[in-house]
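Shown next: upload_16.cif, containing mmCIF, C-alpha atoms.
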data_my_file
loop_
_atom_site.label_atom_id
_atom_site.label_comp_id
_atom_site.auth_asym_id
_atom_site.auth_seq_id
_atom_site.Cartn_x
_atom_site.Cartn_y
_atom_site.Cartn_z
CA MET Q 1468 195.04 67.63 173.88
CA ILE Q 1469 196.39 70.05 171.29
CA PRO Q 1470 194.39 73.30 171.27
CA GLN Q 1471 192.38 74.42 168.25
CA LEU Q 1472 194.70 74.84 165.29
CA ILE Q 1473 192.80 77.31 163.20
CA SER Q 1474 189.23 78.42 162.56
CA ASN Q 1475 187.10 80.01 159.86
CA GLY Q 1476 189.07 78.67 156.92
CA PRO Q 1477 192.75 78.53 155.96
CA ARG Q 1478 195.19 81.01 157.43
CA ARG Q 1479 198.97 81.23 157.30
CA ALA Q 1480 201.53 81.73 160.04
CA SER Q 1481 204.15 84.48 160.02
CA THR Q 1482 207.57 82.91 160.46
CA THR Q 1483 211.31 83.33 160.02
CA PHE Q 1484 213.31 80.39 158.69
CA ARG Q 1485 216.88 79.28 159.06
CA ASN Q 1486 218.92 76.81 157.05
CA LEU Q 1487 219.70 73.74 159.15
CA ALA Q 1488 220.64 70.77 157.01
CA ARG Q 1489 220.12 68.91 153.80
CA ARG Q 1490 216.97 66.99 152.97
CA SER Q 1491 218.46 63.56 153.45
CA LEU Q 1492 219.08 64.31 157.13
CA LEU Q 1493 215.51 65.31 157.88
CA PRO Q 1494 214.39 62.21 159.80
CA ILE Q 1495 217.48 62.27 162.03
CA ILE Q 1496 217.08 65.96 162.78
CA LEU Q 1497 213.40 65.58 163.59
CA PHE Q 1498 214.23 62.84 166.04
CA ALA Q 1499 216.92 64.87 167.78
CA ALA Q 1500 214.65 67.86 168.11
CA ALA Q 1501 211.75 65.82 169.40
CA LYS Q 1502 213.91 64.16 172.06
CA LEU Q 1503 215.21 67.46 173.41
CA ALA Q 1504 212.69 67.57 176.24
CA SER Q 1505 209.33 66.23 177.28
CA PRO Q 1506 206.94 67.88 177.39
CA LEU Q 1507 208.16 69.89 174.41
CA SER Q 1508 207.58 73.63 174.45
CA ALA Q 1509 208.21 76.21 171.77
CA GLN Q 1510 211.26 77.53 173.61
CA GLN Q 1511 212.75 74.04 173.79
CA LEU Q 1512 212.72 73.14 170.10
CA GLY Q 1513 216.27 72.99 168.83
CA ILE Q 1514 218.83 70.83 167.10
CA VAL Q 1515 220.68 68.63 169.55
CA ASP Q 1516 222.62 66.51 167.09
CA THR Q 1517 222.72 65.56 163.42
CA VAL Q 1518 224.11 62.53 161.66
CA CYS Q 1519 224.92 62.51 157.94
CA ASP Q 1520 225.72 59.96 155.26
CA VAL Q 1521 229.32 59.73 154.10
CA ASP Q 1522 228.21 60.12 150.49
CA LEU Q 1523 227.14 63.72 151.11
CA ALA Q 1524 229.77 66.16 149.86
CA THR Q 1525 229.24 68.34 152.93
CA CYS Q 1526 229.44 65.47 155.43
CA MET Q 1527 232.64 65.67 157.47
CA ASP Q 1528 232.22 62.70 159.78
CA GLY Q 1529 229.35 60.53 158.61
CA ILE Q 1530 228.26 56.93 158.45
CA GLN Q 1531 227.05 54.64 155.70
CA GLY Q 1532 223.42 53.75 155.14
CA LEU Q 1533 221.50 57.00 155.58
CA ARG Q 1534 220.74 57.83 151.96
CA GLY Q 1535 217.00 58.12 151.61
CA ALA Q 1536 216.36 57.88 155.35
CA ARG Q 1537 212.58 57.71 155.73
CA GLY Q 1538 211.33 55.81 158.77
CA ILE Q 1539 212.45 56.23 162.37
CA VAL Q 1540 211.35 54.70 165.66
CA VAL Q 1541 212.52 55.04 169.26
CA SER Q 1542 212.68 52.05 171.59
CA PRO Q 1543 210.18 52.02 174.49
CA ASP Q 1544 213.00 52.44 177.00
CA GLY Q 1545 214.21 55.54 175.12
CA LEU Q 1546 217.75 54.20 174.80
CA HIS Q 1547 217.91 53.42 171.09
CA ALA Q 1548 216.61 54.62 167.73
CA TYR Q 1549 216.27 52.76 164.45
CA VAL Q 1550 216.22 54.33 160.98
CA ALA Q 1551 215.09 52.74 157.70
CA SER Q 1552 216.83 54.01 154.56
CA SER Q 1553 215.18 53.48 151.18
CA LEU Q 1554 218.12 54.35 148.91
CA ASP Q 1555 220.79 52.46 150.83
CA ASN Q 1556 218.43 49.55 151.55
CA ALA Q 1557 219.52 49.64 155.15
CA LEU Q 1558 218.46 49.61 158.79
CA ILE Q 1559 220.62 51.67 161.16
CA ALA Q 1560 220.76 51.43 164.95
CA PHE Q 1561 221.72 54.33 167.23
CA SER Q 1562 222.11 54.80 170.97
CA PHE Q 1563 221.84 58.04 172.93
CA GLY Q 1564 224.39 59.78 175.10
CA PRO Q 1565 223.07 59.48 178.68
CA SER Q 1566 222.95 63.23 179.29
CA SER Q 1567 223.64 64.99 175.98
CA ARG Q 1568 221.03 62.96 174.06
CA THR Q 1569 223.40 62.76 171.10
CA LEU Q 1570 223.12 59.98 168.53
CA ASN Q 1571 225.80 57.32 168.57
CA HIS Q 1572 226.00 54.89 165.67
CA LEU Q 1573 225.80 51.25 166.69
CA GLN Q 1574 225.12 49.16 163.61
CA THR Q 1575 224.12 49.26 159.96
CA LEU Q 1576 222.39 46.29 158.36
CA PHE Q 1577 222.26 46.19 154.56
CA ASP Q 1578 219.87 44.16 152.45
CA THR Q 1579 221.38 40.80 151.31
CA ASP Q 1580 224.47 41.18 153.55
CA ALA Q 1581 225.13 38.29 155.95
CA GLY Q 1582 221.74 36.74 155.26
CA VAL Q 1583 219.73 39.89 155.92
CA ASP Q 1584 216.61 40.20 153.76
CA GLY Q 1585 213.63 42.54 153.53
CA LEU Q 1586 215.40 45.92 153.33
CA ASP Q 1587 215.17 46.65 149.59
CA SER Q 1588 213.79 50.20 149.61
CA ALA Q 1589 213.14 50.08 153.36
CA ARG Q 1590 210.40 52.54 154.25
CA GLY Q 1591 208.48 52.10 157.49
CA VAL Q 1592 209.88 50.87 160.79
CA ALA Q 1593 208.14 49.90 164.04
CA ILE Q 1594 209.11 48.37 167.36
CA SER Q 1595 207.11 46.04 169.59
CA PRO Q 1596 205.89 47.48 172.92
CA ASP Q 1597 208.14 45.06 174.81
CA GLY Q 1598 211.11 46.40 172.84
CA ALA Q 1599 212.12 42.90 171.78
CA HIS Q 1600 211.63 43.19 168.02
CA VAL Q 1601 211.90 45.72 165.21
CA TYR Q 1602 209.78 45.39 162.06
CA VAL Q 1603 210.57 46.98 158.69
CA ALA Q 1604 208.34 47.48 155.64
CA ALA Q 1605 210.28 47.40 152.35
CA LEU Q 1606 208.67 48.65 149.15
CA LEU Q 1607 210.69 46.72 146.56
CA ASP Q 1608 210.89 43.56 148.67
CA ALA Q 1609 207.10 43.78 149.15
CA SER Q 1610 207.63 42.54 152.66
CA VAL Q 1611 207.76 42.99 156.40
CA ALA Q 1612 211.06 41.90 157.93
CA THR Q 1613 211.52 40.91 161.57
CA PHE Q 1614 214.63 41.69 163.65
CA SER Q 1615 215.27 40.74 167.26
CA ARG Q 1616 216.68 43.47 169.51
CA ASP Q 1617 219.18 43.20 172.34
CA SER Q 1618 217.69 45.52 174.96
CA VAL Q 1619 221.10 46.18 176.52
CA THR Q 1620 223.24 46.85 173.46
CA GLY Q 1621 220.49 47.89 171.04
CA MET Q 1622 221.95 45.63 168.36
CA LEU Q 1623 219.64 43.89 165.89
CA THR Q 1624 219.62 40.37 164.46
CA PHE Q 1625 217.67 39.35 161.37
CA VAL Q 1626 214.93 36.81 162.16
CA GLU Q 1627 212.66 36.35 159.14
CA ILE Q 1628 210.91 37.95 156.18
CA ASP Q 1629 207.21 37.78 155.33
CA ARG Q 1630 206.89 38.52 151.62
CA ASP Q 1631 203.89 39.23 149.41
CA GLY Q 1632 202.87 36.13 147.46
CA VAL Q 1633 204.83 33.69 149.64
CA TRP Q 1634 203.10 31.22 151.99
CA GLY Q 1635 199.75 32.87 151.37
CA VAL Q 1636 200.79 36.40 152.35
CA ASP Q 1637 198.92 39.05 150.38
CA GLY Q 1638 198.60 42.83 150.42
CA LEU Q 1639 202.26 43.83 150.79
CA ALA Q 1640 203.05 44.86 147.21
CA GLY Q 1641 204.68 48.26 147.54
CA ALA Q 1642 205.00 47.88 151.33
CA GLU Q 1643 205.19 51.39 152.76
CA GLY Q 1644 204.22 51.30 156.41
CA VAL Q 1645 204.21 48.95 159.39
CA ALA Q 1646 202.69 49.13 162.87
CA VAL Q 1647 202.54 46.94 165.96
CA SER Q 1648 199.37 46.86 168.05
CA PRO Q 1649 199.73 48.40 171.54
CA ASP Q 1650 199.39 44.96 173.15
CA GLY Q 1651 202.15 43.59 170.91
CA ALA Q 1652 199.95 40.76 169.66
CA HIS Q 1653 199.65 41.79 166.01
CA VAL Q 1654 201.62 43.50 163.24
CA TYR Q 1655 200.09 45.37 160.30
CA GLY Q 1656 201.74 46.16 156.96
CA ALA Q 1657 200.41 48.69 154.45
CA GLY Q 1658 200.86 47.89 150.74
CA GLU Q 1659 200.80 51.04 148.64
CA THR Q 1660 200.60 49.15 145.34
CA ASP Q 1661 198.11 46.57 146.62
CA ASN Q 1662 195.95 49.30 148.20
CA ALA Q 1663 195.74 47.05 151.22
CA VAL Q 1664 196.60 46.30 154.84
CA ALA Q 1665 197.99 42.87 155.70
CA VAL Q 1666 197.40 41.48 159.19
CA PHE Q 1667 199.83 39.23 161.07
CA ALA Q 1668 199.69 37.54 164.47
CA ARG Q 1669 202.89 37.99 166.51
CA GLU Q 1670 204.25 35.33 168.85
CA THR Q 1671 204.43 37.07 172.25
CA ASP Q 1672 205.76 34.18 174.35
CA SER Q 1673 209.36 35.10 175.12
CA GLY Q 1674 210.10 31.47 175.91
CA SER Q 1675 209.02 30.26 172.50
CA PRO Q 1676 211.60 29.66 169.74
CA SER Q 1677 209.15 31.55 167.50
CA PHE Q 1678 209.13 34.64 169.73
CA GLY Q 1679 208.51 37.72 167.60
CA ARG Q 1680 207.80 35.77 164.41
CA LEU Q 1681 204.70 36.54 162.37
CA THR Q 1682 201.83 34.41 161.10
CA TYR Q 1683 199.64 35.73 158.30
CA VAL Q 1684 196.00 36.33 159.28
CA GLU Q 1685 194.18 38.29 156.57
CA THR Q 1686 194.25 41.27 154.21
CA GLN Q 1687 191.87 44.19 153.82
CA PHE Q 1688 191.76 45.52 150.22
CA ASP Q 1689 190.42 48.85 149.02
CA GLY Q 1690 187.11 48.39 147.21
CA VAL Q 1691 186.49 44.89 148.56
CA GLY Q 1692 183.73 44.22 151.07
CA GLY Q 1693 182.85 47.88 151.32
CA VAL Q 1694 186.35 48.98 152.33
CA ASP Q 1695 187.26 52.50 151.19
CA GLY Q 1696 190.19 54.86 151.76
CA LEU Q 1697 193.09 52.43 151.17
CA HIS Q 1698 194.10 53.54 147.67
CA GLY Q 1699 197.85 53.92 148.11
CA ALA Q 1700 197.90 52.80 151.76
CA GLY Q 1701 200.93 54.07 153.66
CA ALA Q 1702 201.21 55.34 157.23
CA LEU Q 1703 199.42 53.54 160.08
CA ALA Q 1704 198.51 54.61 163.61
CA PHE Q 1705 196.66 52.95 166.49
CA ASP Q 1706 194.64 54.58 169.21
CA PRO Q 1707 196.24 54.01 172.65
CA THR Q 1708 193.96 51.06 173.47
CA GLY Q 1709 194.55 49.27 170.17
CA THR Q 1710 190.83 49.27 169.45
CA HIS Q 1711 191.09 51.14 166.15
CA LEU Q 1712 193.66 51.36 163.36
CA TYR Q 1713 193.94 54.40 161.07
CA VAL Q 1714 195.63 54.09 157.67
CA ALA Q 1715 196.61 57.15 155.63
CA SER Q 1716 196.67 57.12 151.82
CA LEU Q 1717 199.14 58.36 149.23
CA ARG Q 1718 196.64 58.73 146.42
CA GLY Q 1719 194.72 61.52 148.10
CA ASN Q 1720 197.85 63.66 147.84
CA LEU Q 1721 197.63 63.77 144.07
CA GLY Q 1722 194.69 66.12 144.06
CA GLY Q 1723 192.26 63.52 142.79
CA ILE Q 1724 194.44 62.50 139.82
CA GLU Q 1725 194.52 58.87 140.97
CA GLY Q 1726 191.62 58.96 143.38
CA ASP Q 1727 190.92 61.04 146.44
CA ASP Q 1728 191.26 58.44 149.20
CA TRP Q 1729 192.73 60.04 152.31
CA LEU Q 1730 192.26 57.64 155.22
CA ALA Q 1731 190.64 54.36 156.22
CA ALA Q 1732 189.56 53.53 159.77
CA PHE Q 1733 189.20 49.98 161.09
CA ALA Q 1734 188.08 48.29 164.29
CA ARG Q 1735 190.47 45.59 165.51
CA ASN Q 1736 189.59 42.24 167.00
CA PRO Q 1737 192.04 42.01 169.94
CA THR Q 1738 192.04 38.21 169.85
CA THR Q 1739 192.57 37.49 166.16
CA GLY Q 1740 193.86 40.86 164.98
CA ALA Q 1741 191.32 40.85 162.15
CA LEU Q 1742 190.03 44.23 160.99
CA SER Q 1743 186.50 45.48 160.36
CA PHE Q 1744 185.99 48.55 158.18
CA VAL Q 1745 184.60 51.57 160.04
CA GLN Q 1746 185.03 54.66 157.87
CA GLY Q 1747 186.73 55.99 154.76
CA LEU Q 1748 187.74 59.62 154.30
CA ASP Q 1749 188.06 61.18 150.84
CA GLU Q 1750 189.81 64.54 150.65
CA MET Q 1751 187.19 66.01 148.33
CA ASP Q 1752 184.53 65.49 150.99
CA PHE Q 1753 186.07 68.38 152.94
CA ASP Q 1754 185.93 72.05 151.96
CA ILE Q 1755 189.20 72.99 153.65
CA PHE Q 1756 191.71 73.16 150.80
CA THR Q 1757 190.82 76.41 149.03
CA GLY Q 1758 193.99 78.44 148.50
CA CYS Q 1759 196.17 75.81 150.15
CA THR Q 1760 199.51 75.00 148.51
CA GLY Q 1761 201.79 71.96 148.59
CA VAL Q 1762 203.23 69.14 146.51
CA GLY Q 1763 202.18 65.61 145.59
CA ASN Q 1764 203.84 62.20 145.55
CA GLU Q 1765 204.43 62.08 149.29
CA ASN Q 1766 202.48 59.91 151.68
CA SER Q 1767 200.01 61.45 154.06
CA GLY Q 1768 200.86 61.02 157.71
CA VAL Q 1769 198.55 60.08 160.56
CA ALA Q 1770 198.88 60.31 164.34
CA VAL Q 1771 196.57 59.78 167.31
CA SER Q 1772 196.71 61.92 170.44
CA PRO Q 1773 197.89 60.15 173.62
CA ASP Q 1774 194.41 60.42 175.14
CA GLY Q 1775 192.85 58.92 172.01
CA GLN Q 1776 190.44 61.82 171.55
CA ALA Q 1777 191.92 63.23 168.34
CA VAL Q 1778 193.42 62.01 165.07
CA PHE Q 1779 195.72 64.24 163.01
CA LEU Q 1780 196.06 63.76 159.27
CA THR Q 1781 198.41 65.53 156.85
CA ASN Q 1782 197.87 66.15 153.14
CA PRO Q 1783 201.13 67.10 151.37
CA PHE Q 1784 199.45 67.97 148.06
CA PHE Q 1785 197.41 70.69 149.76
CA GLY Q 1786 199.91 71.53 152.51
CA THR Q 1787 197.29 70.79 155.14
CA VAL Q 1788 197.15 69.41 158.66
CA ALA Q 1789 193.63 68.40 159.71
CA TRP Q 1790 192.37 67.64 163.20
CA PHE Q 1791 189.56 65.11 163.64
CA ASP Q 1792 187.64 64.40 166.81
CA ARG Q 1793 187.53 60.67 167.49
CA ASN Q 1794 184.63 58.71 168.90
CA PRO Q 1795 186.38 56.30 171.31
CA THR Q 1796 183.62 53.71 171.01
CA THR Q 1797 183.07 53.57 167.26
CA GLY Q 1798 186.38 55.01 166.05
CA VAL Q 1799 184.51 57.34 163.68
CA LEU Q 1800 186.25 60.64 162.92
CA THR Q 1801 184.64 64.08 162.62
CA LEU Q 1802 186.54 67.06 161.22
CA ALA Q 1803 187.19 69.60 163.95
CA ASP Q 1804 189.64 72.02 162.36
CA SER Q 1805 192.55 72.44 159.95
CA VAL Q 1806 195.51 74.60 159.08
CA CYS Q 1807 197.26 74.88 155.72
CA ASP Q 1808 200.12 76.55 153.88
CA LEU Q 1809 198.91 79.48 151.77
CA ASN Q 1810 202.21 80.54 150.24
CA PHE Q 1811 203.86 77.43 148.75
CA GLY Q 1812 206.42 76.60 151.36
CA THR Q 1813 206.95 79.80 153.31
CA ASP Q 1814 204.40 78.81 155.93
CA GLY Q 1815 206.27 75.61 156.73
CA ILE Q 1816 203.64 72.92 156.23
CA ALA Q 1817 203.48 72.74 152.44
CA GLY Q 1818 204.25 69.13 151.64
CA ALA Q 1819 203.78 68.15 155.31
CA ALA Q 1820 203.93 64.35 155.37
CA ALA Q 1821 205.12 62.74 158.59
CA VAL Q 1822 203.30 63.78 161.75
CA THR Q 1823 203.63 62.91 165.42
CA VAL Q 1824 202.23 64.08 168.74
CA THR Q 1825 204.40 64.72 171.81
CA PRO Q 1826 203.74 62.39 174.77
CA ASP Q 1827 202.04 65.17 176.76
CA GLY Q 1828 199.60 65.73 173.90
CA GLN Q 1829 200.31 69.45 173.76
CA SER Q 1830 202.37 69.74 170.58
CA LEU Q 1831 202.10 68.42 167.04
CA LEU Q 1832 205.22 68.00 164.89
CA THR Q 1833 205.18 67.69 161.10
CA ALA Q 1834 207.96 67.13 158.56
CA SER Q 1835 207.96 68.10 154.89
CA PRO Q 1836 210.53 66.23 152.77
CA ALA Q 1837 209.74 68.33 149.68
CA PHE Q 1838 210.32 71.69 151.36
CA GLN Q 1839 212.75 70.37 153.96
CA THR Q 1840 210.93 71.91 156.91
CA LEU Q 1841 209.83 70.97 160.38
CA ALA Q 1842 206.81 72.55 162.01
CA VAL Q 1843 205.52 72.52 165.56
CA LEU Q 1844 201.87 73.39 166.17
CA GLN Q 1845 201.08 74.40 169.71
CA ASP Q 1846 198.72 76.80 171.47
CA LEU Q 1847 197.63 78.49 168.24
CA GLU Q 1848 201.26 79.11 167.30
CA ILE Q 1849 203.32 77.47 164.57
CA PHE Q 1850 207.07 77.26 165.08
CA LEU Q 1851 209.21 76.22 162.14
CA ASP Q 1852 212.75 75.40 161.10
CA GLY Q 1853 213.31 75.91 157.36
CA PHE Q 1854 215.80 73.92 155.33
CA GLU Q 1855 215.61 75.72 152.03
CA SER Q 1856 215.74 79.47 152.57
CA GLY Q 1857 219.41 79.97 153.41
CA ASP Q 1858 218.46 82.38 156.19
CA THR Q 1859 220.84 81.58 159.05
CA SER Q 1860 219.28 83.98 161.54
CA ALA Q 1861 217.73 82.67 164.73
CA TRP Q 1862 214.32 81.20 164.16
CA SER Q 1863 211.24 82.84 165.54
CA ALA Q 1864 207.48 82.63 165.37
CA THR Q 1865 204.48 84.85 165.87
CA GLN Q 1866 200.83 84.33 166.68
CA PRO Q 1867 198.99 83.62 163.39
#
Can you present the structure in this file as C-alpha cells?
Amino acid sequence: MIPQLISNGPRRASTTFRNLARRSLLPIILFAAAKLASPLSAQQLGIVDTVCDVDLATCMDGIQGLRGARGIVVSPDGLHAYVASSLDNALIAFSFGPSSRTLNHLQTLFDTDAGVDGLDSARGVAISPDGAHVYVAALLDASVATFSRDSVTGMLTFVEIDRDGVWGVDGLAGAEGVAVSPDGAHVYGAGETDNAVAVFARETDSGSPSFGRLTYVETQFDGVGGVDGLHGAGALAFDPTGTHLYVASLRGNLGGIEGDDWLAAFARNPTTGALSFVQGLDEMDFDIFTGCTGVGNENSGVAVSPDGQAVFLTNPFFGTVAWFDRNPTTGVLTLADSVCDLNFGTDGIAGAAAVTVTPDGQSLLTASPAFQTLAVLQDLEIFLDGFESGDTSAWSATQP
C-alpha cells in the first residue's frame, strides 16, 4: 500500500527537473522507466531506453507509427509491449532485450492497411490475462478492435472490429479506453462521446474458432437508470478480483464547464459481465482543489492498488492526485488524501493524467502530457523528471 500522500490540504514538493525528451515520446519513456526494476524505488527511477518517430526532426534512428502515442500495455509474460498511436492510427509491437530491457521494434499495424480496421485515432490498449489477445479502443472508429497475439514472437494479427451502431453495439462513440476483466471473460469499452461503458463477453475457449472474439452484452449510459459519473468516460480499471470496475471521466477536468463528473464505480456480474451502478464521484463534492493548478482537455486516470484497498484518481485540470480507500465488499470509495500542484507545472503533477501503481504497491507513477513530466509518489516523497524546463542537471527530490 502506498503511504499517505499528503495531509491538511494541498502542499507542493520541492524538486529539480531535467529535460529528457519530447512530448510525443512520453508513453514510451514512462514504460522504460517503470520496467527498470521491481519493486521500484526512488533511486532506481531512470531512463533505460527511448524510441522516437521518424517524423521528429530530432529523431536520429526512429520508426514509423509513434505520432500521438497514447496507450501502452505490457504482456503478462513481460516480453512484449504494445503502443496505440492516435495521430498515426497505428498499433506498434515491441520486444525487450533479455538483460538490458531495451525496446526492440517488431511490427507496426496501420489502420486500413492489409485489412486492418479499428485504429483510426487509436487511444486505449489492453491485453487479455492469458496474453492471447490485444484490444484497442479507437476514437474516430468508435470501436474496439481485436488482435490475436503470438506469445513467442509477439506479433499481432487483426481478428475483428466491434463498432458503435453495428450489430446492436452501442456506447462506443468517441471510444477512449478499453479494459479486460481479470478473469479474461469480458471486455469493456469507454465511449467519451456517448458518456457510456459498453460491455462485451469474450470467448475464452482456446480451441474455439471464435477464441478472443467479442459478443455485445449491454451498455451503461450516464444519466440512465441512476448512473452518474460517466460524462466523458475514458480510463478504466478493475480491482484485482474483477468484482468492481472504476471508470474515470474527462468532463470533470474542465473545471465544471461541461459537468463535474469525475468517476463512476460499478459492480460486475462475473457470469454475464453486466454492470450495476455503485457510486458516482463529482469533483466539486471534494474540497481539495483550492490553490491547485493544472490544465484541462486531458482524461483523468484511474488505478487500483494491487491489494485492492485503494483507488487512485488524477484530475489534470486541478493538477491533483487523490487517494480513495476502497470497501472491498461494496466497492464504495472514501477520500483518504490528496496531493496537488500549486505552481502550474513546477511541482510535476499539473496536468497529471495517466496513473499506475507498481506491482509491489509501494509507488505511484503519473504522467502529464501537457507539461511533459513524470512523477513518482512514494513514502511521502515525490520524484520527478521534467520535460519542459531545459535543465539538464541530475534530477533530485526532497521531502515535501
message: I need the output of the PyMOL selection byres ((chain Q and resi 1611) around 7) for this file as a PyMOL selection string; which residues are they?
response: chain Q and resi 1585+1602-1605+1610+1612-1613+1628-1630+1656
Evaluating the PyMOL selection byres ((chain Q and resi 1560) around 6) on the displayed file yields which residues, as a PDB file with C-alpha atoms, keeping the file's coordinate frame?
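Written output follows (result.pdb):
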ATOM      1  CA  ALA Q1548     216.610  54.620 167.730  1.00  0.00           C
ATOM      2  CA  TYR Q1549     216.270  52.760 164.450  1.00  0.00           C
ATOM      3  CA  ILE Q1559     220.620  51.670 161.160  1.00  0.00           C
ATOM      4  CA  PHE Q1561     221.720  54.330 167.230  1.00  0.00           C
ATOM      5  CA  LEU Q1573     225.800  51.250 166.690  1.00  0.00           C
ATOM      6  CA  GLN Q1574     225.120  49.160 163.610  1.00  0.00           C
TER       7      GLN Q1574
END
Considering only C-alpha atoms, give me a table of residues in segment 1799-1849 of chain Q that are at most 12 Å from segment 1693-1702 of chain Q, with the closest atom pair and distance in Å for each, as JSON lines.
{"residue": "Q:Ala1820", "atom": "CA", "partner": "Q:Ala1702", "partner_atom": "CA", "distance": 9.6}
{"residue": "Q:Ala1821", "atom": "CA", "partner": "Q:Ala1702", "partner_atom": "CA", "distance": 8.5}
{"residue": "Q:Val1822", "atom": "CA", "partner": "Q:Ala1702", "partner_atom": "CA", "distance": 9.8}
{"residue": "Q:Thr1823", "atom": "CA", "partner": "Q:Ala1702", "partner_atom": "CA", "distance": 11.4}
Create the file for the chosen residues now, containing C-alpha atoms and written as an mmCIF file, in the frame of the given file.
data_model
loop_
_atom_site.group_PDB
_atom_site.id
_atom_site.type_symbol
_atom_site.label_atom_id
_atom_site.label_comp_id
_atom_site.auth_asym_id
_atom_site.auth_seq_id
_atom_site.Cartn_x
_atom_site.Cartn_y
_atom_site.Cartn_z
ATOM 1 C CA ALA Q 1820 203.930 64.350 155.370
ATOM 2 C CA ALA Q 1821 205.120 62.740 158.590
ATOM 3 C CA VAL Q 1822 203.300 63.780 161.750
ATOM 4 C CA THR Q 1823 203.630 62.910 165.420
#
- prompt: Do you know which residues are at most 9 Å from Phe1614 of chain Q counting only C-alpha atoms, after dropping those on the same chain fewer than 4 positions away, and could you put them as number ranges by chain?
  reply: Q: 1599-1603, 1623-1627, 1679
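Using all atoms listed in the file, the nearest neighbour of Arg1680 of chain Q within the list Q:Asn1662, Q:Ser1615, Q:Ser1562, Q:Ser1743 is Q:Ser1615.
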Once 4 Å is added on each side, what are the centre and the three edge lengths, in Å to one decimal, of the axis-aligned box enclosing the listed atoms of segment 1793-1810 of chain Q? Present them as lines of an AutoDock Vina configuration file.
center_x = 192.6
center_y = 67.1
center_z = 160.8
size_x = 27.1
size_y = 35.0
size_z = 29.1
